[in-house]
Amino acid sequence: MATGRKLPCKDVVGGIKTVYFADYGTLGTITITAGVVTALSGAGTNFYKYDVKGGNNLEQTITSSDENGTTFYGQTLTVVLTKLDEATQVELQKMIVQRPHVFVEDNNGNYFAVGLTRGCNVNGTISTGTALGDMAGYTLTVTAEEPIIAPFVTSTVVTARASATQITP
């Protein structure tokens, strides 16, 4: 049944509030109901929670080919973590090499899964800055190519698995 879409109210804001990383292959069976991830069966899956502010965003690119009859979705997440510290660097190094799954909470309370089925690649920079006012920290570019758009996720699927402990840089 075709429904279309009305012009929405102007009650949303942009940006990302929180990013959660999970080790690749630890999600177990993924239950998707009406386009929303409603359950993960992976027992003991721990999500590493990173609070963010400012220059963080998630963009998705649709790529379709008439010649090949294919469509896939490129997902690009930019994560800026201000302040350099030893504990964050050690944790990032372990996580990056594992092709993580990433969950994002936007500033409207929506949760999305990035690299849900195939995991993510993480690239970026570690910078001390040059001038006193420059950012010293980590800028990560997380990319994935998936057969589906990054689906919405029921918030409790993510928050119930988030580590109670976070690094305080």
# chains A, B, ... in the order shown; residues from 1 in each chain; ligands from 1
>>> residues_around(residues="Thr156 (chain A)", least_positions_apart="4", cutoff="12 Å", atoms="only C-alpha atoms", output="MDAnalysis selection string")
chainID A and resid 37:40 103 105 109:111 152 160:162
>>> write_last_selection(atoms="N, CA, C and O atoms", output="mmCIF file, in the first residue's frame")
data_model
loop_
_atom_site.group_PDB
_atom_site.id
_atom_site.type_symbol
_atom_site.label_atom_id
_atom_site.label_comp_id
_atom_site.auth_asym_id
_atom_site.auth_seq_id
_atom_site.Cartn_x
_atom_site.Cartn_y
_atom_site.Cartn_z
ATOM 1 N N VAL A 37 15.795 -2.841 14.120
ATOM 2 C CA VAL A 37 16.461 -3.896 14.877
ATOM 3 C C VAL A 37 15.824 -3.921 16.260
ATOM 4 O O VAL A 37 15.891 -2.940 17.004
ATOM 5 N N THR A 38 15.186 -5.053 16.596
ATOM 6 C CA THR A 38 14.481 -5.162 17.875
ATOM 7 C C THR A 38 15.157 -6.111 18.852
ATOM 8 O O THR A 38 14.805 -6.128 20.022
ATOM 9 N N ALA A 39 16.114 -6.913 18.376
ATOM 10 C CA ALA A 39 16.794 -7.842 19.274
ATOM 11 C C ALA A 39 18.104 -8.316 18.664
ATOM 12 O O ALA A 39 18.252 -8.401 17.446
ATOM 13 N N LEU A 40 19.056 -8.630 19.565
ATOM 14 C CA LEU A 40 20.322 -9.261 19.217
ATOM 15 C C LEU A 40 20.480 -10.440 20.167
ATOM 16 O O LEU A 40 20.266 -10.298 21.367
ATOM 17 N N PHE A 103 26.934 1.527 16.583
ATOM 18 C CA PHE A 103 25.573 2.011 16.819
ATOM 19 C C PHE A 103 25.666 3.488 17.161
ATOM 20 O O PHE A 103 26.556 3.908 17.890
ATOM 21 N N GLU A 105 23.565 7.079 18.336
ATOM 22 C CA GLU A 105 22.378 7.778 18.843
ATOM 23 C C GLU A 105 22.470 9.218 18.373
ATOM 24 O O GLU A 105 23.446 9.912 18.673
ATOM 25 N N GLY A 109 17.326 11.274 19.644
ATOM 26 C CA GLY A 109 17.020 10.037 20.362
ATOM 27 C C GLY A 109 16.841 8.830 19.470
ATOM 28 O O GLY A 109 16.425 7.769 19.929
ATOM 29 N N ASN A 110 17.160 8.957 18.181
ATOM 30 C CA ASN A 110 17.095 7.819 17.259
ATOM 31 C C ASN A 110 18.396 7.036 17.330
ATOM 32 O O ASN A 110 19.478 7.632 17.417
ATOM 33 N N TYR A 111 18.301 5.716 17.250
ATOM 34 C CA TYR A 111 19.475 4.847 17.222
ATOM 35 C C TYR A 111 19.553 4.180 15.853
ATOM 36 O O TYR A 111 18.525 3.753 15.308
ATOM 37 N N PHE A 152 17.070 1.666 11.849
ATOM 38 C CA PHE A 152 16.778 2.158 13.186
ATOM 39 C C PHE A 152 16.926 0.981 14.142
ATOM 40 O O PHE A 152 16.764 -0.178 13.757
ATOM 41 N N ALA A 160 21.070 -1.489 26.877
ATOM 42 C CA ALA A 160 21.203 -2.636 27.783
ATOM 43 C C ALA A 160 22.574 -3.292 27.667
ATOM 44 O O ALA A 160 23.006 -4.007 28.569
ATOM 45 N N ARG A 161 23.267 -3.064 26.562
ATOM 46 C CA ARG A 161 24.572 -3.688 26.331
ATOM 47 C C ARG A 161 25.741 -2.726 26.525
ATOM 48 O O ARG A 161 26.889 -3.113 26.396
ATOM 49 N N ALA A 162 25.426 -1.462 26.793
ATOM 50 C CA ALA A 162 26.487 -0.467 26.939
ATOM 51 C C ALA A 162 27.270 -0.714 28.211
ATOM 52 O O ALA A 162 26.708 -1.006 29.266
#
>>> residues_around(residues="Leu116 (chain A)", least_positions_apart="3", cutoff="8 Å", atoms="only C-alpha atoms", output="ChimeraX atom specification")
/A:101-102,113,119,146,150
>>> select_by_dssp(residues="region 55-122 of chain A", states="helix (DSSP H, G or I)", output="ChimeraX atom specification")
/A:86-96
>>> write_last_selection(atoms="all heavy atoms", output="tab-separated table (two decimals), in the first residue's frame")
chain	number	residue	atom	x	y	z
A	86	GLU	N	46.03	8.00	27.14
A	86	GLU	CA	46.55	6.65	26.95
A	86	GLU	C	45.45	5.60	26.89
A	86	GLU	O	45.48	4.70	26.04
A	86	GLU	CB	47.53	6.31	28.08
A	86	GLU	CG	48.78	7.16	28.07
A	86	GLU	CD	49.59	7.00	29.34
A	86	GLU	OE1	49.31	6.10	30.16
A	86	GLU	OE2	50.53	7.79	29.52
A	87	ALA	N	44.50	5.66	27.81
A	87	ALA	CA	43.46	4.63	27.88
A	87	ALA	C	42.61	4.60	26.61
A	87	ALA	O	42.30	3.53	26.09
A	87	ALA	CB	42.58	4.84	29.11
A	88	THR	N	42.23	5.77	26.11
A	88	THR	CA	41.44	5.82	24.87
A	88	THR	C	42.25	5.27	23.71
A	88	THR	O	41.73	4.50	22.89
A	88	THR	CB	40.99	7.26	24.57
A	88	THR	OG1	40.17	7.73	25.64
A	88	THR	CG2	40.22	7.34	23.26
A	89	GLN	N	43.51	5.63	23.64
A	89	GLN	CA	44.35	5.17	22.53
A	89	GLN	C	44.47	3.65	22.52
A	89	GLN	O	44.36	3.01	21.48
A	89	GLN	CB	45.72	5.83	22.60
A	89	GLN	CG	46.54	5.59	21.36
A	89	GLN	CD	47.51	6.72	21.11
A	89	GLN	OE1	47.12	7.88	21.08
A	89	GLN	NE2	48.76	6.38	20.93
A	90	VAL	N	44.67	3.05	23.70
A	90	VAL	CA	44.77	1.59	23.79
A	90	VAL	C	43.45	0.94	23.36
A	90	VAL	O	43.44	-0.02	22.59
A	90	VAL	CB	45.17	1.17	25.22
A	90	VAL	CG1	45.01	-0.33	25.42
A	90	VAL	CG2	46.60	1.59	25.51
A	91	GLU	N	42.32	1.47	23.85
A	91	GLU	CA	41.02	0.89	23.51
A	91	GLU	C	40.72	1.04	22.02
A	91	GLU	O	40.25	0.09	21.38
A	91	GLU	CB	39.92	1.56	24.34
A	91	GLU	CG	38.57	0.86	24.19
A	91	GLU	CD	37.58	1.36	25.21
A	91	GLU	OE1	37.56	0.80	26.33
A	91	GLU	OE2	36.83	2.29	24.88
A	92	LEU	N	41.00	2.20	21.45
A	92	LEU	CA	40.77	2.41	20.02
A	92	LEU	C	41.61	1.46	19.17
A	92	LEU	O	41.12	0.90	18.19
A	92	LEU	CB	41.07	3.86	19.62
A	92	LEU	CG	40.07	4.91	20.06
A	92	LEU	CD1	40.57	6.30	19.69
A	92	LEU	CD2	38.69	4.66	19.45
A	93	GLN	N	42.86	1.27	19.55
A	93	GLN	CA	43.73	0.40	18.77
A	93	GLN	C	43.19	-1.02	18.72
A	93	GLN	O	43.18	-1.66	17.67
A	93	GLN	CB	45.15	0.41	19.34
A	93	GLN	CG	46.12	-0.34	18.48
A	93	GLN	CD	47.56	-0.08	18.88
A	93	GLN	OE1	47.86	0.84	19.62
A	93	GLN	NE2	48.46	-0.90	18.38
A	94	LYS	N	42.70	-1.54	19.84
A	94	LYS	CA	42.12	-2.88	19.87
A	94	LYS	C	40.85	-2.97	19.03
A	94	LYS	O	40.62	-3.93	18.31
A	94	LYS	CB	41.80	-3.28	21.31
A	94	LYS	CG	43.01	-3.54	22.17
A	94	LYS	CD	42.58	-3.86	23.59
A	94	LYS	CE	43.76	-3.96	24.52
A	94	LYS	NZ	43.33	-4.14	25.92
A	95	MET	N	40.01	-1.94	19.14
A	95	MET	CA	38.71	-1.95	18.49
A	95	MET	C	38.82	-1.80	16.97
A	95	MET	O	38.14	-2.48	16.21
A	95	MET	CB	37.87	-0.82	19.07
A	95	MET	CG	36.49	-0.72	18.52
A	95	MET	SD	35.66	0.68	19.23
A	95	MET	CE	36.85	1.98	19.06
A	96	ILE	N	39.70	-0.92	16.54
A	96	ILE	CA	39.82	-0.60	15.11
A	96	ILE	C	40.19	-1.82	14.28
A	96	ILE	O	39.68	-2.01	13.18
A	96	ILE	CB	40.82	0.56	14.92
A	96	ILE	CG1	40.21	1.86	15.40
A	96	ILE	CG2	41.28	0.66	13.48
A	96	ILE	CD1	41.18	3.01	15.52
>>> closest_residue(among="A:Thr125, A:Thr117, A:Asn46, A:Ser65", to="Thr82 (chain A)", atoms="only C-alpha atoms")
A:Thr125
>>> atom_distance(atom1="CA of Asp51 (chain A)", atom2="CA of Pro8 (chain A)")
28.5 Å
>>> closest_residue(among="A:Gly28, A:Ala22, A:Gly55, A:Val36", to="Leu140 (chain A)", atoms="only C-alpha atoms")
A:Gly55
>>> closest_residue(among="A:Gly35, A:Gly54, A:Gly69, A:Gly25", to="Arg118 (chain A)", atoms="only C-alpha atoms")
A:Gly25
>>> closest_residue(among="A:Ala2, A:Leu84, A:Thr141, A:Leu77", to="Ile167 (chain A)", atoms="only C-alpha atoms")
A:Leu84
>>> residues_around(residues="Ser127 (chain A)", least_positions_apart="5", cutoff="7 Å", atoms="only C-alpha atoms", output="list of chain:residue names")
A:Ala136, A:Gly137, A:Tyr138
>>> closest_residue(among="A:Lys83, A:Tyr24, A:Arg5, A:Asp11", to="Thr128 (chain A)", atoms="only C-alpha atoms")
A:Lys83
>>> closest_residue(among="A:Ile62, A:Cys120, A:Val80, A:Leu132", to="Ile149 (chain A)", atoms="only C-alpha atoms")
A:Ile62
>>> select_by_dssp(residues="chain A", states="strand (DSSP E or B)", output="NGL selection string")
:A and (16-22 or 30-33 or 36-40 or 47-51 or 57-65 or 70-82 or 101-106 or 111-114 or 121-127 or 137-146 or 152-153 or 162)
>>> residues_around(residues="Glu145 (chain A)", least_positions_apart="3", cutoff="7 Å", atoms="only C-alpha atoms", output="PyMOL selection string")
chain A and resi 72-75+115
